[in-house]
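What's in coords.cif: mmCIF, C-alpha atoms
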```
data_my_file
loop_
_atom_site.label_atom_id
_atom_site.label_comp_id
_atom_site.auth_asym_id
_atom_site.auth_seq_id
_atom_site.Cartn_x
_atom_site.Cartn_y
_atom_site.Cartn_z
CA LYS D 1 -1.78 -27.46 -9.51
CA GLN D 2 0.84 -24.86 -10.36
CA GLU D 3 4.14 -25.32 -8.53
CA VAL D 4 7.02 -22.86 -8.67
CA THR D 5 10.57 -23.86 -7.80
CA GLN D 6 13.66 -21.73 -7.52
CA ILE D 7 17.27 -22.84 -7.63
CA PRO D 8 19.62 -22.39 -6.04
CA ALA D 9 18.02 -22.01 -2.61
CA ALA D 10 21.00 -19.96 -1.47
CA LEU D 11 23.86 -18.28 -3.24
CA SER D 12 26.95 -16.51 -1.96
CA VAL D 13 29.15 -14.53 -4.34
CA PRO D 14 31.86 -11.88 -4.12
CA GLU D 15 31.01 -8.36 -5.16
CA GLY D 16 31.20 -7.66 -8.87
CA GLU D 17 30.14 -11.06 -10.14
CA ASN D 18 27.36 -11.51 -12.65
CA LEU D 19 24.83 -14.09 -11.50
CA VAL D 20 21.72 -15.93 -12.61
CA LEU D 21 18.78 -17.00 -10.50
CA ASN D 22 16.47 -19.65 -11.86
CA CYS D 23 12.73 -20.12 -11.56
CA SER D 24 10.70 -22.99 -13.00
CA PHE D 25 6.97 -23.56 -13.05
CA THR D 26 4.97 -26.67 -13.86
CA ASP D 27 2.03 -25.22 -15.77
CA SER D 28 2.92 -23.05 -18.74
CA ALA D 29 -0.56 -21.49 -18.89
CA ILE D 30 0.36 -18.31 -17.08
CA TYR D 31 -0.83 -14.72 -17.35
CA ASN D 32 2.45 -13.17 -16.20
CA LEU D 33 5.51 -13.77 -14.06
CA GLN D 34 6.98 -11.40 -11.52
CA TRP D 35 10.28 -11.19 -9.68
CA PHE D 36 10.37 -9.74 -6.18
CA ARG D 37 13.01 -8.84 -3.67
CA GLN D 38 12.51 -9.37 0.06
CA ASP D 39 14.88 -7.99 2.66
CA PRO D 40 14.99 -9.78 6.04
CA GLY D 41 11.86 -9.12 8.07
CA LYS D 42 10.42 -6.89 5.36
CA GLY D 43 7.73 -7.01 2.73
CA LEU D 44 8.17 -7.52 -0.98
CA THR D 45 9.46 -5.10 -3.57
CA SER D 46 8.52 -5.78 -7.18
CA LEU D 47 11.54 -5.85 -9.47
CA LEU D 48 10.30 -6.93 -12.87
CA LEU D 49 7.04 -8.13 -14.37
CA ILE D 50 6.94 -10.11 -17.61
CA GLN D 51 3.69 -10.64 -19.45
CA SER D 52 3.12 -14.06 -20.99
CA SER D 53 3.59 -12.58 -24.47
CA GLN D 54 6.98 -11.08 -23.59
CA ARG D 55 10.39 -12.72 -23.60
CA GLU D 56 12.28 -10.43 -21.26
CA GLN D 57 12.27 -7.26 -19.21
CA THR D 58 15.17 -5.09 -18.09
CA SER D 59 15.62 -2.62 -15.28
CA GLY D 60 19.07 -1.25 -14.59
CA ARG D 61 21.40 -4.13 -13.75
CA LEU D 62 18.52 -6.60 -13.72
CA ASN D 63 17.29 -8.62 -16.67
CA ALA D 64 14.53 -11.20 -16.46
CA SER D 65 13.73 -13.64 -19.22
CA LEU D 66 10.72 -15.86 -19.73
CA ASP D 67 10.44 -19.10 -21.70
CA LYS D 68 6.83 -19.98 -21.16
CA SER D 69 6.83 -23.16 -23.21
CA SER D 70 9.59 -24.70 -21.11
CA GLY D 71 8.27 -23.26 -17.85
CA ARG D 72 11.37 -21.26 -17.00
CA SER D 73 12.42 -17.77 -16.07
CA THR D 74 15.81 -16.42 -15.15
CA LEU D 75 16.83 -13.28 -13.30
CA TYR D 76 20.22 -11.99 -14.33
CA ILE D 77 22.01 -9.58 -12.00
CA ALA D 78 25.01 -7.81 -13.48
CA ALA D 79 27.94 -6.54 -11.46
CA SER D 80 26.47 -7.63 -8.13
CA GLN D 81 26.79 -5.35 -5.10
CA PRO D 82 26.49 -6.00 -1.33
CA GLY D 83 23.23 -4.06 -1.42
CA ASP D 84 21.80 -6.76 -3.68
CA SER D 85 21.87 -9.18 -0.72
CA ALA D 86 18.28 -10.28 -0.13
CA THR D 87 15.87 -13.09 -0.90
CA TYR D 88 14.58 -13.12 -4.45
CA LEU D 89 11.16 -14.58 -5.12
CA CYS D 90 9.53 -15.34 -8.42
CA ALA D 91 5.77 -15.63 -8.69
CA VAL D 92 3.45 -16.63 -11.51
CA ARG D 93 -0.10 -15.56 -12.05
CA PRO D 94 -2.01 -18.47 -13.57
CA HIS D 95 -4.72 -17.93 -16.14
CA THR D 96 -7.12 -19.85 -13.94
CA GLY D 97 -7.60 -18.38 -10.50
CA PHE D 98 -6.77 -15.16 -12.25
CA GLN D 99 -5.97 -13.12 -9.18
CA LYS D 100 -3.75 -15.54 -7.34
CA LEU D 101 0.01 -15.27 -7.42
CA VAL D 102 1.84 -18.54 -6.82
CA PHE D 103 5.20 -17.92 -5.21
CA GLY D 104 8.42 -19.82 -5.60
CA THR D 105 10.56 -21.04 -2.77
CA GLY D 106 13.02 -18.15 -3.04
CA THR D 107 16.76 -17.76 -3.48
CA ARG D 108 18.73 -16.19 -0.61
CA LEU D 109 21.54 -14.14 -2.09
CA LEU D 110 24.56 -12.89 -0.19
CA VAL D 111 27.01 -10.60 -1.95
CA SER D 112 30.16 -10.09 0.05
CA PRO D 113 32.38 -7.01 -0.29
CA GLY I 1 4.73 3.17 -7.00
CA ALA I 2 1.65 2.67 -4.89
CA VAL I 3 2.14 2.35 -1.12
CA VAL I 4 0.61 -0.25 1.15
CA SER I 5 1.05 0.05 4.91
CA GLN I 6 0.49 -2.44 7.70
CA HIS I 7 -0.02 -1.88 11.39
CA PRO I 8 1.37 -3.00 13.69
CA SER I 9 4.75 -3.99 12.27
CA TRP I 10 5.22 -6.49 15.05
CA VAL I 11 3.15 -7.80 17.92
CA ILE I 12 3.74 -10.15 20.84
CA CYS I 13 0.72 -11.60 22.57
CA LYS I 14 -0.26 -14.30 25.02
CA SER I 15 -1.82 -17.51 23.83
CA GLY I 16 -5.60 -17.23 23.65
CA THR I 17 -5.78 -13.53 22.83
CA SER I 18 -6.95 -12.04 19.55
CA VAL I 19 -4.78 -9.85 17.38
CA LYS I 20 -5.92 -7.44 14.67
CA ILE I 21 -3.66 -6.44 11.79
CA GLU I 22 -4.54 -3.52 9.54
CA CYS I 23 -3.63 -3.15 5.90
CA ARG I 24 -4.10 0.19 4.16
CA SER I 25 -3.59 1.36 0.60
CA LEU I 26 -2.32 4.89 1.09
CA ASP I 27 -2.60 6.53 -2.29
CA PHE I 28 -4.94 4.34 -4.30
CA GLN I 29 -8.17 2.41 -3.99
CA ALA I 30 -7.85 -1.33 -3.77
CA THR I 31 -10.87 -3.35 -4.75
CA THR I 32 -9.03 -6.53 -3.86
CA MET I 33 -6.63 -7.26 -1.05
CA PHE I 34 -4.73 -10.45 -0.33
CA TRP I 35 -3.42 -11.85 2.94
CA TYR I 36 -0.33 -14.06 2.95
CA ARG I 37 1.51 -15.94 5.67
CA GLN I 38 5.22 -16.65 5.59
CA PHE I 39 7.02 -19.00 7.94
CA PRO I 40 10.80 -18.63 8.46
CA LYS I 41 12.82 -19.43 5.35
CA GLN I 42 9.68 -20.37 3.47
CA SER I 43 7.79 -18.69 0.69
CA LEU I 44 4.54 -16.76 0.89
CA MET I 45 1.37 -18.77 1.15
CA LEU I 46 -1.90 -17.12 0.20
CA MET I 47 -4.43 -17.28 3.02
CA ALA I 48 -7.39 -15.40 1.60
CA THR I 49 -8.57 -12.92 -0.97
CA SER I 50 -10.89 -10.14 0.06
CA ASN I 51 -12.98 -7.90 -2.13
CA GLU I 52 -14.39 -4.67 -0.77
CA GLY I 53 -17.87 -5.10 0.59
CA SER I 54 -18.04 -8.88 0.27
CA LYS I 55 -16.94 -11.94 2.19
CA ALA I 56 -13.36 -13.10 1.86
CA THR I 57 -12.45 -16.20 -0.11
CA TYR I 58 -10.21 -18.48 1.91
CA GLU I 59 -7.64 -20.91 0.56
CA GLN I 60 -7.96 -24.57 1.31
CA GLY I 61 -6.79 -25.39 4.83
CA VAL I 62 -7.21 -21.86 6.19
CA GLU I 63 -9.78 -21.63 8.97
CA LYS I 64 -12.13 -18.74 8.24
CA ASP I 65 -13.37 -18.62 11.82
CA LYS I 66 -9.84 -18.28 13.12
CA PHE I 67 -8.60 -15.73 10.60
CA LEU I 68 -11.32 -13.12 10.29
CA ILE I 69 -10.96 -10.77 7.37
CA ASN I 70 -12.88 -7.54 6.95
CA HIS I 71 -12.60 -5.32 3.88
CA ALA I 72 -15.02 -2.55 4.75
CA SER I 73 -13.57 0.17 2.54
CA LEU I 74 -11.51 0.55 -0.62
CA THR I 75 -8.44 1.47 1.41
CA LEU I 76 -8.60 -0.76 4.47
CA SER I 77 -8.62 -4.48 5.13
CA THR I 78 -8.13 -6.10 8.52
CA LEU I 79 -7.03 -9.58 9.53
CA THR I 80 -7.94 -10.73 13.02
CA VAL I 81 -6.22 -13.81 14.39
CA THR I 82 -8.69 -15.07 16.97
CA SER I 83 -7.57 -17.04 20.02
CA ALA I 84 -4.00 -17.04 18.79
CA HIS I 85 -1.73 -19.95 19.62
CA PRO I 86 2.06 -20.34 19.29
CA GLU I 87 1.67 -22.15 15.96
CA ASP I 88 0.09 -18.96 14.57
CA SER I 89 3.39 -17.15 15.07
CA SER I 90 4.40 -16.06 11.61
CA PHE I 91 5.00 -13.12 9.28
CA TYR I 92 1.75 -11.84 7.82
CA ILE I 93 1.86 -9.80 4.62
CA CYS I 94 -1.00 -8.06 2.88
CA SER I 95 -1.13 -7.03 -0.73
CA ALA I 96 -3.42 -4.74 -2.67
CA ARG I 97 -4.37 -5.16 -6.28
CA VAL I 98 -4.10 -2.23 -8.63
CA LEU I 99 -6.17 -2.47 -11.76
CA THR I 100 -3.80 -1.41 -14.48
CA GLY I 101 -2.95 -2.93 -17.79
CA GLU I 102 -0.30 -5.02 -16.07
CA GLU I 103 -2.40 -6.42 -13.20
CA THR I 104 -0.08 -5.24 -10.45
CA GLN I 105 -0.04 -6.09 -6.78
CA TYR I 106 1.71 -3.98 -4.17
CA PHE I 107 2.81 -5.53 -0.92
CA GLY I 108 2.80 -4.20 2.60
CA PRO I 109 5.89 -4.33 4.84
CA GLY I 110 4.52 -7.25 6.84
CA THR I 111 3.55 -7.85 10.46
CA ARG I 112 5.56 -10.16 12.66
CA LEU I 113 3.33 -12.02 15.13
CA LEU I 114 4.78 -13.90 18.08
CA VAL I 115 2.36 -15.80 20.28
CA LEU I 116 3.78 -16.85 23.63
#
```
Could I get this file's structure written as structure tokens?
Amino acid sequence: KQEVTQIPAALSVPEGENLVLNCSFTDSAIYNLQWFRQDPGKGLTSLLLIQSSQREQTSGRLNASLDKSSGRSTLYIAASQPGDSATYLCAVRPHTGFQKLVFGTGTRLLVSP
Amino acid sequence: GAVVSQHPSWVICKSGTSVKIECRSLDFQATTMFWYRQFPKQSLMLMATSNEGSKATYEQGVEKDKFLINHASLTLSTLTVTSAHPEDSSFYICSARVLTGEETQYFGPGTRLLVL
């Protein structure tokens, strides 16, 4: 059974810092991996999607990497801003149960001015 | 990107009543919709997968008679929580699958349910 874990569970940084969020998964047989942002009481916004054949994806100040063989992904946020404060979720789509995303436990990020 | 809406955004009801939550794909057709439940400070847990015109597939431990799912059209799926109890209080999120080369899911804004 695929399990997805994120560390740290919570992170508080001052504005301007570069930071890394970690995601690990137990079964490396994945179709793709996706990073989401969730604001309090809101739904999910997709940030980056990495196919199993890819190593990384970039969007603005965000960079996500994928090391499928070791079961790890990282989300790098450059020059963090207070508006980046949210919960970040990673999710993997296994090859089996093709449609089902398996979500991680989330990292709650607080960027203080 | 594609837009998924949910209605209502929040609902408070008495124990024993039934609550219906709607999920709509506004600018695309969704052959598959997913219903998730999220408890405070926890991650999303998939409840069921529904395909248009067929019965929903429920995850292990989810009572199909309590959480009724209807996916009657390519743009609308509904989740009805029957005889709701306080332990059903949660944040319910739907998601619609877009068939593109990247297998993308778009998520609704969620519905907060509080059962008194």
With all atoms listed in the file considered, list every residue of chain D at most 7 Å from chain I, as number ranges by chain. D: 42-44, 103-106
Which residues of range 13-44 of chain D sit at most 6 Å from range 63-87 of chain D, using all atoms listed in the file? Give each one's shortest atom pair and distance in Å (one decimal place), in chain and ascending residue order, as JSON lines.
```
{"residue": "D:Glu15", "atom": "CA", "partner": "D:Gln81", "partner_atom": "CA", "distance": 5.2}
{"residue": "D:Gly16", "atom": "CA", "partner": "D:Ala79", "partner_atom": "CA", "distance": 4.3}
{"residue": "D:Glu17", "atom": "CA", "partner": "D:Ala79", "partner_atom": "CA", "distance": 5.2}
{"residue": "D:Asn18", "atom": "CA", "partner": "D:Ala78", "partner_atom": "CA", "distance": 4.5}
{"residue": "D:Leu19", "atom": "CA", "partner": "D:Ile77", "partner_atom": "CA", "distance": 5.3}
{"residue": "D:Val20", "atom": "CA", "partner": "D:Tyr76", "partner_atom": "CA", "distance": 4.6}
{"residue": "D:Leu21", "atom": "CA", "partner": "D:Leu75", "partner_atom": "CA", "distance": 5.0}
{"residue": "D:Asn22", "atom": "CA", "partner": "D:Thr74", "partner_atom": "CA", "distance": 4.7}
{"residue": "D:Cys23", "atom": "CA", "partner": "D:Ser73", "partner_atom": "CA", "distance": 5.1}
{"residue": "D:Ser24", "atom": "CA", "partner": "D:Arg72", "partner_atom": "CA", "distance": 4.4}
{"residue": "D:Phe25", "atom": "CA", "partner": "D:Gly71", "partner_atom": "CA", "distance": 5.0}
{"residue": "D:Ser28", "atom": "CA", "partner": "D:Gly71", "partner_atom": "CA", "distance": 5.4}
{"residue": "D:Arg37", "atom": "CA", "partner": "D:Thr87", "partner_atom": "CA", "distance": 5.8}
{"residue": "D:Gln38", "atom": "CA", "partner": "D:Thr87", "partner_atom": "CA", "distance": 5.1}
{"residue": "D:Asp39", "atom": "CA", "partner": "D:Ala86", "partner_atom": "CA", "distance": 5.0}
```
Just-selected residues, C-alpha atoms written as a PDB file, in the frame of the given file:
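File again_8.pdb, as written:
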```
ATOM      1  CA  GLU D  15      31.010  -8.360  -5.160  1.00  0.00           C
ATOM      2  CA  GLY D  16      31.200  -7.660  -8.870  1.00  0.00           C
ATOM      3  CA  GLU D  17      30.140 -11.060 -10.140  1.00  0.00           C
ATOM      4  CA  ASN D  18      27.360 -11.510 -12.650  1.00  0.00           C
ATOM      5  CA  LEU D  19      24.830 -14.090 -11.500  1.00  0.00           C
ATOM      6  CA  VAL D  20      21.720 -15.930 -12.610  1.00  0.00           C
ATOM      7  CA  LEU D  21      18.780 -17.000 -10.500  1.00  0.00           C
ATOM      8  CA  ASN D  22      16.470 -19.650 -11.860  1.00  0.00           C
ATOM      9  CA  CYS D  23      12.730 -20.120 -11.560  1.00  0.00           C
ATOM     10  CA  SER D  24      10.700 -22.990 -13.000  1.00  0.00           C
ATOM     11  CA  PHE D  25       6.970 -23.560 -13.050  1.00  0.00           C
ATOM     12  CA  SER D  28       2.920 -23.050 -18.740  1.00  0.00           C
ATOM     13  CA  ARG D  37      13.010  -8.840  -3.670  1.00  0.00           C
ATOM     14  CA  GLN D  38      12.510  -9.370   0.060  1.00  0.00           C
ATOM     15  CA  ASP D  39      14.880  -7.990   2.660  1.00  0.00           C
TER      16      ASP D  39
END
```
Separation of CA of Val13 in chain D from CA of Ser112 in chain D in Å: 6.3 Å
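Near Glu3 in chain D, within 8 Å and counting only C-alpha atoms, sit Lys1, Thr5, Phe25, Thr26, Asp27, Val102 and Gly104 of chain D; same-chain residues fewer than 2 positions away were not included.
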Correct to one decimal, the distance CA of Ala2 in chain I-CA of Ser59 in chain D is 18.2 Å
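Pairwise distance (CA of Cys23 in chain I, CA of Thr75 in chain I) equals 8.0 Å.
For the set I:Leu113, I:Val3, I:Val19, I:Ala30, the residue with the smallest atom-to-atom gap to Gly53 in chain I is I:Ala30, counting all atoms listed in the file.
Selection check: the PyMOL selection byres ((chain D and resi 110) around 6) on the shown file gives Ser12, Ser85, Leu109 and Val111 of chain D.
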Excluding same-chain residues fewer than 2 positions from range 80-84 of chain I, what lies within 10 Å of it counting all atoms listed in the file, as a ChimeraX atom specification? /I:13-22,64-70,78,86-89,113-116
Shortest interatomic distance to Thr45 in chain D - which of D:Thr107, D:Gln2, D:His95, D:Tyr88, counting all atoms listed in the file: D:Tyr88
Padded axis-aligned box of range 6-9 of chain I (6 Å per side), centre and edge lengths, Å, one decimal, as AutoDock Vina command-line options:
```
--center_x 2.4 --center_y -2.9 --center_z 10.7 --size_x 16.8 --size_y 14.1 --size_z 18.0
```
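Between Pro94 in chain D and the residues D:Ala29, D:Val4, D:Ala10, D:Leu49, the shortest atom-to-atom distance, using all atoms listed in the file, involves D:Ala29.
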Explicit residues for the PyMOL selection byres ((chain I and resi 51) around 7) (as a PyMOL selection string): chain I and resi 31-33+49-50+52-54+56+71
